[in-house]
Amino acid sequence: MRKYSIDHKSPIPLHAQAETLLRQLIQEEDYRNGKVLPNEVELAKKLAISRTTLRQSINKLVFEGLLVRKKRSGTRVAQNVVSSKSNNWLSFSQEMKLRGIPIKNFELHVTWVTPDEELAAFFEIKPDRKVLKLERVRGRPDEPFVYFVSYFHPRVGLTGEEDFKRPLYEMLEHEHSIIATLSKEEISAVAANDDIADKLRLPAGSPLLFRKRYVFDPGERAIEYNLGYYKASSFVYTVESTR
């Protein structure tokens, strides 16, 4: 392994530097050919960072499908990587760009709200503690096809002044050092109420694909509670599984 180091005086967060280093490391021929990466204790010691910080960076690459971690056999570069695995962590705008679909924001609203019982329980916060709510209506330049509602844990540190036109997870990572690594989703069919129907330019009662998404950091602490209402005639949700 070449000599790698981290600049502890740099304004770039340590976990971000460690991630960059790991991306360089896994390009080395030995590791691409199956050699086990240095263990976390050894590598963290060499870089003079905590094992927790290093694990945060490794976890991100594991969830992107670039690394495979197995008990008692170590961490290796994933073989025959399929890039679509990492697309789960593309923001909506990045995913649409990848598909060549231009996207327009029809509405974007940021407010501070008091959480309901379900949201307060999910975030494990007191019900009188306000959370940031982000609402966006998005779609092709000629028609909206999705209405997103996101709530963020106060721990994330959002002020409401951020540029929410940027890719969301990229902004959270670069500006708030928050890395999303785990997503749990529920998909169901619902009918559009009057408000959502108006936003998506549909008759009330039209079928929608409803996607509820729970997003967590490497420590499995809640980051985001997201609701997505997709126009059924304009969107197909595809899941690819391998065994």
# chains A, B, ... in the order shown; residues from 1 in each chain; ligands from 1
call {"tool": "residues_around", "arguments": {"residues": "A:Leu227", "least_positions_apart": "2", "cutoff": "10 Å", "atoms": "only C-alpha atoms", "output": "list in words"}}
result
Glu135, Tyr147, Phe148, Val149, Ser150, Tyr151, Glu185, Glu186, Phe210, Arg211, Lys212, Arg213, Tyr214, Glu224, Tyr225, Tyr229 and Tyr230 of chain A
call {"tool": "residues_around", "arguments": {"residues": "A:Ile103", "least_positions_apart": "5", "cutoff": "8 Å", "atoms": "only C-alpha atoms", "output": "list of chain:residue names"}}
result
A:Ser93, A:Met96, A:Lys97, A:Arg138, A:Gly139, A:Arg140, A:Pro141
call {"tool": "atom_distance", "arguments": {"atom1": "atom CA of A:Lys70", "atom2": "atom CA of A:Glu19"}}
result
19.4 Å
call {"tool": "residues_around", "arguments": {"residues": "stretch 44-50 of chain A", "least_positions_apart": "5", "cutoff": "9 Å", "atoms": "only C-alpha atoms", "output": "count of residues only"}}
result
9
call {"tool": "select_by_dssp", "arguments": {"residues": "chain A", "states": "alpha helix (DSSP H)", "output": "ChimeraX atom specification"}}
result
/A:14-25,29-32,40-47,51-63,92-98,117-123,168-176,194-199
call {"tool": "select_by_dssp", "arguments": {"residues": "stretch 53-158 of chain A", "states": "strand (DSSP E or B)", "output": "VMD selection string"}}
result
chain A and resid 67 to 70 74 to 77 104 to 113 131 to 140 143 to 152
call {"tool": "write_last_selection", "arguments": {"atoms": "N, CA, C and O atoms", "output": "compact mmCIF listing (two decimals), in the first residue's frame"}}
result
# COMPACT_ATOMS: atom_id res chain seq x y z
N LEU A 67 -17.45 -1.79 -1.71
CA LEU A 67 -16.73 -2.67 -0.80
C LEU A 67 -17.68 -3.74 -0.26
O LEU A 67 -18.89 -3.51 -0.15
N VAL A 68 -17.12 -4.88 0.09
CA VAL A 68 -17.88 -5.96 0.70
C VAL A 68 -17.20 -6.31 2.02
O VAL A 68 -15.99 -6.57 2.05
N ARG A 69 -17.95 -6.28 3.11
CA ARG A 69 -17.39 -6.59 4.42
C ARG A 69 -17.98 -7.91 4.92
O ARG A 69 -19.20 -8.08 4.93
N LYS A 70 -17.12 -8.85 5.32
CA LYS A 70 -17.58 -10.12 5.85
C LYS A 70 -16.85 -10.42 7.16
O LYS A 70 -15.64 -10.17 7.27
N GLY A 74 -12.66 -10.08 6.56
CA GLY A 74 -12.21 -8.73 6.24
C GLY A 74 -13.03 -8.02 5.18
O GLY A 74 -14.08 -8.48 4.75
N THR A 75 -12.51 -6.87 4.77
CA THR A 75 -13.19 -6.01 3.79
C THR A 75 -12.44 -6.04 2.47
O THR A 75 -11.23 -5.84 2.43
N ARG A 76 -13.17 -6.30 1.39
CA ARG A 76 -12.57 -6.38 0.07
C ARG A 76 -13.32 -5.49 -0.92
O ARG A 76 -14.46 -5.11 -0.68
N VAL A 77 -12.66 -5.21 -2.06
CA VAL A 77 -13.31 -4.50 -3.15
C VAL A 77 -14.36 -5.44 -3.75
O VAL A 77 -14.09 -6.62 -3.99
N LYS A 104 -37.70 20.37 -13.30
CA LYS A 104 -38.06 21.72 -12.89
C LYS A 104 -38.70 21.68 -11.50
O LYS A 104 -39.45 20.76 -11.18
N ASN A 105 -38.36 22.65 -10.66
CA ASN A 105 -39.03 22.83 -9.37
C ASN A 105 -40.24 23.73 -9.57
O ASN A 105 -40.10 24.89 -9.95
N PHE A 106 -41.43 23.19 -9.34
CA PHE A 106 -42.65 23.99 -9.48
C PHE A 106 -42.97 24.71 -8.17
O PHE A 106 -43.54 25.79 -8.18
N GLU A 107 -42.62 24.07 -7.05
CA GLU A 107 -42.80 24.70 -5.73
C GLU A 107 -41.66 24.26 -4.84
O GLU A 107 -41.15 23.14 -4.95
N LEU A 108 -41.24 25.15 -3.94
CA LEU A 108 -40.23 24.82 -2.93
C LEU A 108 -40.54 25.66 -1.70
O LEU A 108 -40.49 26.89 -1.76
N HIS A 109 -40.89 25.00 -0.61
CA HIS A 109 -41.25 25.70 0.63
C HIS A 109 -40.46 25.12 1.81
O HIS A 109 -40.35 23.91 1.94
N VAL A 110 -39.94 26.00 2.65
CA VAL A 110 -39.22 25.60 3.85
C VAL A 110 -39.90 26.24 5.06
O VAL A 110 -40.07 27.46 5.09
N THR A 111 -40.31 25.43 6.01
CA THR A 111 -40.97 25.94 7.21
C THR A 111 -40.48 25.17 8.44
O THR A 111 -39.89 24.09 8.32
N TRP A 112 -40.73 25.73 9.61
CA TRP A 112 -40.46 25.04 10.86
C TRP A 112 -41.81 24.65 11.46
O TRP A 112 -42.71 25.48 11.58
N VAL A 113 -41.95 23.37 11.80
CA VAL A 113 -43.24 22.87 12.27
C VAL A 113 -43.08 22.07 13.55
O VAL A 113 -42.00 21.57 13.87
N VAL A 131 -39.21 21.01 13.99
CA VAL A 131 -38.33 20.40 12.99
C VAL A 131 -38.50 21.14 11.67
O VAL A 131 -39.53 21.77 11.42
N LEU A 132 -37.47 21.05 10.84
CA LEU A 132 -37.53 21.70 9.54
C LEU A 132 -38.31 20.83 8.56
O LEU A 132 -38.06 19.63 8.46
N LYS A 133 -39.24 21.45 7.85
CA LYS A 133 -40.06 20.76 6.85
C LYS A 133 -39.76 21.34 5.48
O LYS A 133 -39.81 22.56 5.29
N LEU A 134 -39.43 20.48 4.54
CA LEU A 134 -39.12 20.88 3.17
C LEU A 134 -40.16 20.27 2.24
O LEU A 134 -40.33 19.05 2.20
N GLU A 135 -40.85 21.12 1.49
CA GLU A 135 -41.85 20.66 0.52
C GLU A 135 -41.40 21.06 -0.88
O GLU A 135 -41.02 22.20 -1.11
N ARG A 136 -41.47 20.09 -1.80
CA ARG A 136 -41.08 20.38 -3.18
C ARG A 136 -42.03 19.68 -4.15
O ARG A 136 -42.35 18.51 -3.97
N VAL A 137 -42.46 20.41 -5.16
CA VAL A 137 -43.21 19.83 -6.27
C VAL A 137 -42.27 19.86 -7.46
O VAL A 137 -41.79 20.92 -7.86
N ARG A 138 -42.01 18.67 -8.04
CA ARG A 138 -41.00 18.58 -9.09
C ARG A 138 -41.53 17.77 -10.27
O ARG A 138 -42.47 17.00 -10.14
N GLY A 139 -40.87 17.97 -11.41
CA GLY A 139 -41.28 17.20 -12.59
C GLY A 139 -40.56 17.68 -13.83
O GLY A 139 -39.57 18.41 -13.75
N ARG A 140 -41.05 17.24 -14.97
CA ARG A 140 -40.50 17.70 -16.24
C ARG A 140 -40.88 19.16 -16.43
O ARG A 140 -41.79 19.66 -15.77
N GLU A 143 -44.67 19.48 -16.88
CA GLU A 143 -45.64 18.92 -15.94
C GLU A 143 -44.99 18.43 -14.66
O GLU A 143 -43.93 17.79 -14.69
N PRO A 144 -45.61 18.71 -13.51
CA PRO A 144 -45.10 18.15 -12.25
C PRO A 144 -45.55 16.71 -12.13
O PRO A 144 -46.64 16.34 -12.59
N PHE A 145 -44.71 15.85 -11.54
CA PHE A 145 -45.16 14.47 -11.35
C PHE A 145 -44.85 13.91 -9.97
O PHE A 145 -45.18 12.76 -9.68
N VAL A 146 -44.23 14.72 -9.09
CA VAL A 146 -43.99 14.21 -7.74
C VAL A 146 -44.04 15.36 -6.73
O VAL A 146 -43.59 16.48 -7.00
N TYR A 147 -44.60 15.07 -5.59
CA TYR A 147 -44.66 16.01 -4.47
C TYR A 147 -43.93 15.37 -3.30
O TYR A 147 -44.31 14.30 -2.83
N PHE A 148 -42.82 16.00 -2.87
CA PHE A 148 -42.01 15.50 -1.77
C PHE A 148 -42.25 16.33 -0.51
O PHE A 148 -42.31 17.56 -0.57
N VAL A 149 -42.33 15.64 0.62
CA VAL A 149 -42.36 16.32 1.93
C VAL A 149 -41.28 15.66 2.78
O VAL A 149 -41.32 14.45 3.03
N SER A 150 -40.28 16.44 3.20
CA SER A 150 -39.19 15.92 4.03
C SER A 150 -39.16 16.64 5.37
O SER A 150 -39.34 17.86 5.43
N TYR A 151 -38.92 15.86 6.43
CA TYR A 151 -38.71 16.42 7.76
C TYR A 151 -37.31 15.99 8.20
O TYR A 151 -36.91 14.84 7.96
N PHE A 152 -36.57 16.90 8.84
CA PHE A 152 -35.19 16.60 9.23
C PHE A 152 -35.01 16.70 10.74
O PHE A 152 -35.53 17.61 11.38
call {"tool": "atom_distance", "arguments": {"atom1": "atom CA of A:Ala121", "atom2": "atom CA of A:Ala222"}}
result
10.7 Å
call {"tool": "residues_around", "arguments": {"residues": "A:Asn59", "least_positions_apart": "2", "cutoff": "12 Å", "atoms": "only C-alpha atoms", "output": "MDAnalysis selection string"}}
result
chainID A and resid 15 18:19 22 40 51:57 61:69 75 179:182 217:220
call {"tool": "write_last_selection", "arguments": {"atoms": "N, CA and C atoms", "output": "JSON list (two decimals), in the first residue's frame"}}
result
[["chain", "number", "residue", "atom", "x", "y", "z"],
["A", 15, "HIS", "N", -13.74, 12.54, 7.99],
["A", 15, "HIS", "CA", -14.42, 11.41, 7.36],
["A", 15, "HIS", "C", -14.43, 11.57, 5.84],
["A", 18, "ALA", "N", -11.00, 10.66, 4.63],
["A", 18, "ALA", "CA", -10.83, 9.21, 4.71],
["A", 18, "ALA", "C", -11.56, 8.52, 3.55],
["A", 19, "GLU", "N", -12.72, 9.05, 3.20],
["A", 19, "GLU", "CA", -13.47, 8.48, 2.08],
["A", 19, "GLU", "C", -12.70, 8.63, 0.77],
["A", 22, "LEU", "N", -9.90, 6.15, 0.72],
["A", 22, "LEU", "CA", -10.37, 4.79, 0.46],
["A", 22, "LEU", "C", -10.69, 4.59, -1.02],
["A", 40, "GLU", "N", -9.50, -2.17, 10.27],
["A", 40, "GLU", "CA", -9.88, -0.82, 10.70],
["A", 40, "GLU", "C", -8.96, -0.26, 11.77],
["A", 51, "ARG", "N", -11.40, 5.13, 15.03],
["A", 51, "ARG", "CA", -11.97, 3.99, 14.29],
["A", 51, "ARG", "C", -13.40, 4.32, 13.85],
["A", 52, "THR", "N", -14.11, 5.09, 14.66],
["A", 52, "THR", "CA", -15.49, 5.47, 14.32],
["A", 52, "THR", "C", -15.52, 6.32, 13.05],
["A", 53, "THR", "N", -14.58, 7.27, 12.96],
["A", 53, "THR", "CA", -14.50, 8.13, 11.77],
["A", 53, "THR", "C", -14.20, 7.30, 10.53],
["A", 54, "LEU", "N", -13.25, 6.38, 10.65],
["A", 54, "LEU", "CA", -12.89, 5.52, 9.52],
["A", 54, "LEU", "C", -14.06, 4.63, 9.12],
["A", 55, "ARG", "N", -14.75, 4.07, 10.11],
["A", 55, "ARG", "CA", -15.86, 3.18, 9.82],
["A", 55, "ARG", "C", -16.98, 3.92, 9.10],
["A", 56, "GLN", "N", -17.18, 5.20, 9.43],
["A", 56, "GLN", "CA", -18.19, 6.01, 8.76],
["A", 56, "GLN", "C", -17.92, 6.06, 7.26],
["A", 57, "SER", "N", -16.64, 6.22, 6.90],
["A", 57, "SER", "CA", -16.27, 6.28, 5.49],
["A", 57, "SER", "C", -16.38, 4.92, 4.81],
["A", 61, "LEU", "N", -18.94, 3.39, 1.47],
["A", 61, "LEU", "CA", -18.52, 2.64, 0.29],
["A", 61, "LEU", "C", -19.16, 1.26, 0.25],
["A", 62, "VAL", "N", -19.44, 0.70, 1.44],
["A", 62, "VAL", "CA", -20.14, -0.58, 1.49],
["A", 62, "VAL", "C", -21.56, -0.41, 0.94],
["A", 63, "PHE", "N", -22.23, 0.66, 1.38],
["A", 63, "PHE", "CA", -23.59, 0.88, 0.92],
["A", 63, "PHE", "C", -23.66, 1.26, -0.55],
["A", 64, "GLU", "N", -22.58, 1.82, -1.08],
["A", 64, "GLU", "CA", -22.53, 2.12, -2.51],
["A", 64, "GLU", "C", -22.24, 0.87, -3.33],
["A", 65, "GLY", "N", -21.89, -0.22, -2.64],
["A", 65, "GLY", "CA", -21.60, -1.46, -3.34],
["A", 65, "GLY", "C", -20.17, -1.56, -3.84],
["A", 66, "LEU", "N", -19.29, -0.66, -3.39],
["A", 66, "LEU", "CA", -17.90, -0.68, -3.83],
["A", 66, "LEU", "C", -17.05, -1.61, -2.97],
["A", 67, "LEU", "N", -17.45, -1.79, -1.71],
["A", 67, "LEU", "CA", -16.73, -2.67, -0.80],
["A", 67, "LEU", "C", -17.68, -3.74, -0.26],
["A", 68, "VAL", "N", -17.12, -4.88, 0.09],
["A", 68, "VAL", "CA", -17.88, -5.96, 0.70],
["A", 68, "VAL", "C", -17.20, -6.31, 2.02],
["A", 69, "ARG", "N", -17.95, -6.28, 3.11],
["A", 69, "ARG", "CA", -17.39, -6.59, 4.42],
["A", 69, "ARG", "C", -17.98, -7.91, 4.92],
["A", 75, "THR", "N", -12.51, -6.87, 4.77],
["A", 75, "THR", "CA", -13.19, -6.01, 3.79],
["A", 75, "THR", "C", -12.44, -6.04, 2.47],
["A", 179, "ILE", "N", -23.84, 12.07, 6.66],
["A", 179, "ILE", "CA", -23.80, 11.09, 5.58],
["A", 179, "ILE", "C", -24.95, 10.11, 5.75],
["A", 180, "ALA", "N", -25.80, 10.04, 4.74],
["A", 180, "ALA", "CA", -26.92, 9.09, 4.75],
["A", 180, "ALA", "C", -26.42, 7.74, 4.24],
["A", 181, "THR", "N", -26.60, 6.69, 5.04],
["A", 181, "THR", "CA", -26.09, 5.38, 4.64],
["A", 181, "THR", "C", -27.15, 4.28, 4.66],
["A", 182, "LEU", "N", -28.30, 4.54, 5.24],
["A", 182, "LEU", "CA", -29.32, 3.50, 5.33],
["A", 182, "LEU", "C", -30.69, 4.10, 5.05],
["A", 217, "ASP", "N", -28.11, 7.71, 9.48],
["A", 217, "ASP", "CA", -26.67, 7.89, 9.32],
["A", 217, "ASP", "C", -25.96, 6.58, 9.66],
["A", 218, "PRO", "N", -24.60, 6.54, 9.58],
["A", 218, "PRO", "CA", -23.88, 5.28, 9.85],
["A", 218, "PRO", "C", -24.13, 4.70, 11.24],
["A", 219, "GLY", "N", -24.50, 5.54, 12.19],
["A", 219, "GLY", "CA", -24.82, 5.06, 13.53],
["A", 219, "GLY", "C", -26.28, 4.65, 13.67],
["A", 220, "GLU", "N", -26.98, 4.61, 12.51],
["A", 220, "GLU", "CA", -28.40, 4.29, 12.45],
["A", 220, "GLU", "C", -29.25, 5.25, 13.27]]
call {"tool": "residues_around", "arguments": {"residues": "A:Ala189", "least_positions_apart": "6", "cutoff": "7 Å", "atoms": "only C-alpha atoms", "output": "PDB file with all heavy atoms, in the first residue's frame"}}
result
ATOM      1  N   PRO A 207     -55.066   8.032  -8.808  1.00  0.00           N
ATOM      2  CA  PRO A 207     -54.123   7.110  -8.150  1.00  0.00           C
ATOM      3  C   PRO A 207     -52.721   7.693  -8.071  1.00  0.00           C
ATOM      4  O   PRO A 207     -52.236   8.320  -9.010  1.00  0.00           O
ATOM      5  CB  PRO A 207     -54.154   5.866  -9.054  1.00  0.00           C
ATOM      6  CG  PRO A 207     -54.555   6.389 -10.397  1.00  0.00           C
ATOM      7  CD  PRO A 207     -55.504   7.515 -10.115  1.00  0.00           C
ATOM      8  N   LEU A 208     -52.081   7.481  -6.931  1.00  0.00           N
ATOM      9  CA  LEU A 208     -50.711   7.928  -6.704  1.00  0.00           C
ATOM     10  C   LEU A 208     -49.895   6.765  -6.156  1.00  0.00           C
ATOM     11  O   LEU A 208     -50.422   5.907  -5.448  1.00  0.00           O
ATOM     12  CB  LEU A 208     -50.659   9.073  -5.683  1.00  0.00           C
ATOM     13  CG  LEU A 208     -51.397  10.358  -5.992  1.00  0.00           C
ATOM     14  CD1 LEU A 208     -51.339  11.283  -4.768  1.00  0.00           C
ATOM     15  CD2 LEU A 208     -50.806  11.058  -7.210  1.00  0.00           C
ATOM     16  N   LEU A 209     -48.602   6.761  -6.463  1.00  0.00           N
ATOM     17  CA  LEU A 209     -47.671   5.864  -5.794  1.00  0.00           C
ATOM     18  C   LEU A 209     -47.138   6.625  -4.587  1.00  0.00           C
ATOM     19  O   LEU A 209     -46.568   7.706  -4.735  1.00  0.00           O
ATOM     20  CB  LEU A 209     -46.536   5.471  -6.735  1.00  0.00           C
ATOM     21  CG  LEU A 209     -45.504   4.461  -6.195  1.00  0.00           C
ATOM     22  CD1 LEU A 209     -44.986   3.598  -7.344  1.00  0.00           C
ATOM     23  CD2 LEU A 209     -44.333   5.157  -5.526  1.00  0.00           C
ATOM     24  N   PHE A 210     -47.353   6.087  -3.398  1.00  0.00           N
ATOM     25  CA  PHE A 210     -46.939   6.752  -2.158  1.00  0.00           C
ATOM     26  C   PHE A 210     -45.724   6.032  -1.594  1.00  0.00           C
ATOM     27  O   PHE A 210     -45.757   4.830  -1.333  1.00  0.00           O
ATOM     28  CB  PHE A 210     -48.081   6.721  -1.145  1.00  0.00           C
ATOM     29  CG  PHE A 210     -47.727   7.288   0.200  1.00  0.00           C
ATOM     30  CD1 PHE A 210     -47.130   8.532   0.322  1.00  0.00           C
ATOM     31  CD2 PHE A 210     -48.007   6.570   1.361  1.00  0.00           C
ATOM     32  CE1 PHE A 210     -46.817   9.056   1.569  1.00  0.00           C
ATOM     33  CE2 PHE A 210     -47.702   7.084   2.610  1.00  0.00           C
ATOM     34  CZ  PHE A 210     -47.106   8.333   2.713  1.00  0.00           C
TER      35      PHE A 210
END
call {"tool": "closest_residue", "arguments": {"among": "A:Gln17, A:Ser188, A:Thr159, A:Ser10", "to": "A:Ala232", "atoms": "only C-alpha atoms"}}
result
A:Ser188
call {"tool": "closest_residue", "arguments": {"among": "A:Arg23, A:Ile101, A:His174, A:Lys35", "to": "A:Ser73", "atoms": "only C-alpha atoms"}}
result
A:Lys35
call {"tool": "residues_around", "arguments": {"residues": "A:Ile178", "least_positions_apart": "4", "cutoff": "10 Å", "atoms": "only C-alpha atoms", "output": "list of chain:residue names"}}
result
A:Arg155, A:Val156, A:Gly157, A:Tyr169, A:Glu170, A:Met171, A:Leu172, A:Glu173, A:His174, A:Phe216, A:Asp217, A:Pro218, A:Ile223
call {"tool": "atom_distance", "arguments": {"atom1": "atom CA of A:Phe122", "atom2": "atom CA of A:Asp198"}}
result
29.1 Å
call {"tool": "decode", "arguments": {"residues": "stretch 11-36 of chain A", "atoms": "N, CA, C and O atoms", "output": "PDB file, in the first residue's frame"}}
result
ATOM      1  N   PRO A  11      -9.644  22.144   6.389  1.00  0.00           N
ATOM      2  CA  PRO A  11     -11.055  22.394   6.739  1.00  0.00           C
ATOM      3  C   PRO A  11     -11.970  21.265   6.270  1.00  0.00           C
ATOM      4  O   PRO A  11     -13.126  21.193   6.678  1.00  0.00           O
ATOM      5  N   ILE A  12     -11.448  20.379   5.415  1.00  0.00           N
ATOM      6  CA  ILE A  12     -12.241  19.245   4.942  1.00  0.00           C
ATOM      7  C   ILE A  12     -12.404  18.254   6.085  1.00  0.00           C
ATOM      8  O   ILE A  12     -11.417  17.851   6.707  1.00  0.00           O
ATOM      9  N   PRO A  13     -13.633  17.833   6.403  1.00  0.00           N
ATOM     10  CA  PRO A  13     -13.853  16.904   7.518  1.00  0.00           C
ATOM     11  C   PRO A  13     -13.022  15.634   7.368  1.00  0.00           C
ATOM     12  O   PRO A  13     -12.762  15.169   6.251  1.00  0.00           O
ATOM     13  N   LEU A  14     -12.620  15.072   8.506  1.00  0.00           N
ATOM     14  CA  LEU A  14     -11.768  13.879   8.489  1.00  0.00           C
ATOM     15  C   LEU A  14     -12.434  12.712   7.770  1.00  0.00           C
ATOM     16  O   LEU A  14     -11.788  11.970   7.031  1.00  0.00           O
ATOM     17  N   HIS A  15     -13.741  12.542   7.991  1.00  0.00           N
ATOM     18  CA  HIS A  15     -14.417  11.410   7.356  1.00  0.00           C
ATOM     19  C   HIS A  15     -14.429  11.566   5.839  1.00  0.00           C
ATOM     20  O   HIS A  15     -14.346  10.577   5.099  1.00  0.00           O
ATOM     21  N   ALA A  16     -14.529  12.814   5.355  1.00  0.00           N
ATOM     22  CA  ALA A  16     -14.530  13.056   3.908  1.00  0.00           C
ATOM     23  C   ALA A  16     -13.144  12.770   3.325  1.00  0.00           C
ATOM     24  O   ALA A  16     -13.020  12.203   2.228  1.00  0.00           O
ATOM     25  N   GLN A  17     -12.095  13.159   4.064  1.00  0.00           N
ATOM     26  CA  GLN A  17     -10.735  12.852   3.608  1.00  0.00           C
ATOM     27  C   GLN A  17     -10.497  11.346   3.597  1.00  0.00           C
ATOM     28  O   GLN A  17      -9.878  10.799   2.676  1.00  0.00           O
ATOM     29  N   ALA A  18     -10.997  10.659   4.634  1.00  0.00           N
ATOM     30  CA  ALA A  18     -10.830   9.207   4.707  1.00  0.00           C
ATOM     31  C   ALA A  18     -11.557   8.521   3.550  1.00  0.00           C
ATOM     32  O   ALA A  18     -11.062   7.554   2.963  1.00  0.00           O
ATOM     33  N   GLU A  19     -12.717   9.054   3.200  1.00  0.00           N
ATOM     34  CA  GLU A  19     -13.472   8.479   2.084  1.00  0.00           C
ATOM     35  C   GLU A  19     -12.702   8.632   0.774  1.00  0.00           C
ATOM     36  O   GLU A  19     -12.608   7.695  -0.026  1.00  0.00           O
ATOM     37  N   THR A  20     -12.142   9.817   0.551  1.00  0.00           N
ATOM     38  CA  THR A  20     -11.343  10.050  -0.656  1.00  0.00           C
ATOM     39  C   THR A  20     -10.160   9.105  -0.707  1.00  0.00           C
ATOM     40  O   THR A  20      -9.830   8.523  -1.751  1.00  0.00           O
ATOM     41  N   LEU A  21      -9.504   8.927   0.431  1.00  0.00           N
ATOM     42  CA  LEU A  21      -8.359   8.020   0.521  1.00  0.00           C
ATOM     43  C   LEU A  21      -8.778   6.591   0.177  1.00  0.00           C
ATOM     44  O   LEU A  21      -8.099   5.891  -0.575  1.00  0.00           O
ATOM     45  N   LEU A  22      -9.902   6.154   0.724  1.00  0.00           N
ATOM     46  CA  LEU A  22     -10.374   4.790   0.462  1.00  0.00           C
ATOM     47  C   LEU A  22     -10.693   4.592  -1.021  1.00  0.00           C
ATOM     48  O   LEU A  22     -10.418   3.530  -1.588  1.00  0.00           O
ATOM     49  N   ARG A  23     -11.266   5.618  -1.645  1.00  0.00           N
ATOM     50  CA  ARG A  23     -11.589   5.508  -3.072  1.00  0.00           C
ATOM     51  C   ARG A  23     -10.302   5.367  -3.894  1.00  0.00           C
ATOM     52  O   ARG A  23     -10.299   4.689  -4.933  1.00  0.00           O
ATOM     53  N   GLN A  24      -9.239   6.030  -3.447  1.00  0.00           N
ATOM     54  CA  GLN A  24      -7.955   5.887  -4.125  1.00  0.00           C
ATOM     55  C   GLN A  24      -7.364   4.502  -3.858  1.00  0.00           C
ATOM     56  O   GLN A  24      -6.832   3.842  -4.754  1.00  0.00           O
ATOM     57  N   LEU A  25      -7.497   4.063  -2.618  1.00  0.00           N
ATOM     58  CA  LEU A  25      -6.927   2.784  -2.200  1.00  0.00           C
ATOM     59  C   LEU A  25      -7.510   1.618  -2.986  1.00  0.00           C
ATOM     60  O   LEU A  25      -6.779   0.720  -3.436  1.00  0.00           O
ATOM     61  N   ILE A  26      -8.829   1.631  -3.191  1.00  0.00           N
ATOM     62  CA  ILE A  26      -9.462   0.478  -3.846  1.00  0.00           C
ATOM     63  C   ILE A  26      -9.214   0.455  -5.352  1.00  0.00           C
ATOM     64  O   ILE A  26      -9.625  -0.498  -6.023  1.00  0.00           O
ATOM     65  N   GLN A  27      -8.550   1.487  -5.856  1.00  0.00           N
ATOM     66  CA  GLN A  27      -8.163   1.463  -7.269  1.00  0.00           C
ATOM     67  C   GLN A  27      -6.837   0.732  -7.470  1.00  0.00           C
ATOM     68  O   GLN A  27      -6.460   0.413  -8.604  1.00  0.00           O
ATOM     69  N   GLU A  28      -6.098   0.465  -6.376  1.00  0.00           N
ATOM     70  CA  GLU A  28      -4.825  -0.234  -6.499  1.00  0.00           C
ATOM     71  C   GLU A  28      -5.056  -1.671  -6.973  1.00  0.00           C
ATOM     72  O   GLU A  28      -6.015  -2.336  -6.562  1.00  0.00           O
ATOM     73  N   GLU A  29      -4.193  -2.138  -7.830  1.00  0.00           N
ATOM     74  CA  GLU A  29      -4.374  -3.430  -8.480  1.00  0.00           C
ATOM     75  C   GLU A  29      -4.526  -4.579  -7.492  1.00  0.00           C
ATOM     76  O   GLU A  29      -5.380  -5.453  -7.664  1.00  0.00           O
ATOM     77  N   ASP A  30      -3.713  -4.593  -6.441  1.00  0.00           N
ATOM     78  CA  ASP A  30      -3.779  -5.690  -5.467  1.00  0.00           C
ATOM     79  C   ASP A  30      -5.168  -5.808  -4.850  1.00  0.00           C
ATOM     80  O   ASP A  30      -5.702  -6.915  -4.699  1.00  0.00           O
ATOM     81  N   TYR A  31      -5.748  -4.668  -4.479  1.00  0.00           N
ATOM     82  CA  TYR A  31      -7.055  -4.696  -3.835  1.00  0.00           C
ATOM     83  C   TYR A  31      -8.163  -5.030  -4.832  1.00  0.00           C
ATOM     84  O   TYR A  31      -9.135  -5.707  -4.491  1.00  0.00           O
ATOM     85  N   ARG A  32      -8.028  -4.571  -6.066  1.00  0.00           N
ATOM     86  CA  ARG A  32      -9.014  -4.906  -7.088  1.00  0.00           C
ATOM     87  C   ARG A  32      -8.967  -6.390  -7.428  1.00  0.00           C
ATOM     88  O   ARG A  32      -9.956  -6.956  -7.921  1.00  0.00           O
ATOM     89  N   ASN A  33      -7.820  -7.013  -7.152  1.00  0.00           N
ATOM     90  CA  ASN A  33      -7.678  -8.447  -7.422  1.00  0.00           C
ATOM     91  C   ASN A  33      -8.060  -9.315  -6.227  1.00  0.00           C
ATOM     92  O   ASN A  33      -7.841 -10.519  -6.235  1.00  0.00           O
ATOM     93  N   GLY A  34      -8.596  -8.697  -5.189  1.00  0.00           N
ATOM     94  CA  GLY A  34      -9.124  -9.490  -4.079  1.00  0.00           C
ATOM     95  C   GLY A  34      -8.385  -9.412  -2.762  1.00  0.00           C
ATOM     96  O   GLY A  34      -8.791 -10.047  -1.786  1.00  0.00           O
ATOM     97  N   LYS A  35      -7.270  -8.646  -2.716  1.00  0.00           N
ATOM     98  CA  LYS A  35      -6.537  -8.538  -1.462  1.00  0.00           C
ATOM     99  C   LYS A  35      -7.410  -7.849  -0.402  1.00  0.00           C
ATOM    100  O   LYS A  35      -8.117  -6.889  -0.691  1.00  0.00           O
ATOM    101  N   VAL A  36      -7.342  -8.352   0.835  1.00  0.00           N
ATOM    102  CA  VAL A  36      -8.117  -7.772   1.930  1.00  0.00           C
ATOM    103  C   VAL A  36      -7.548  -6.411   2.305  1.00  0.00           C
ATOM    104  O   VAL A  36      -6.320  -6.236   2.400  1.00  0.00           O
TER     105      VAL A  36
END
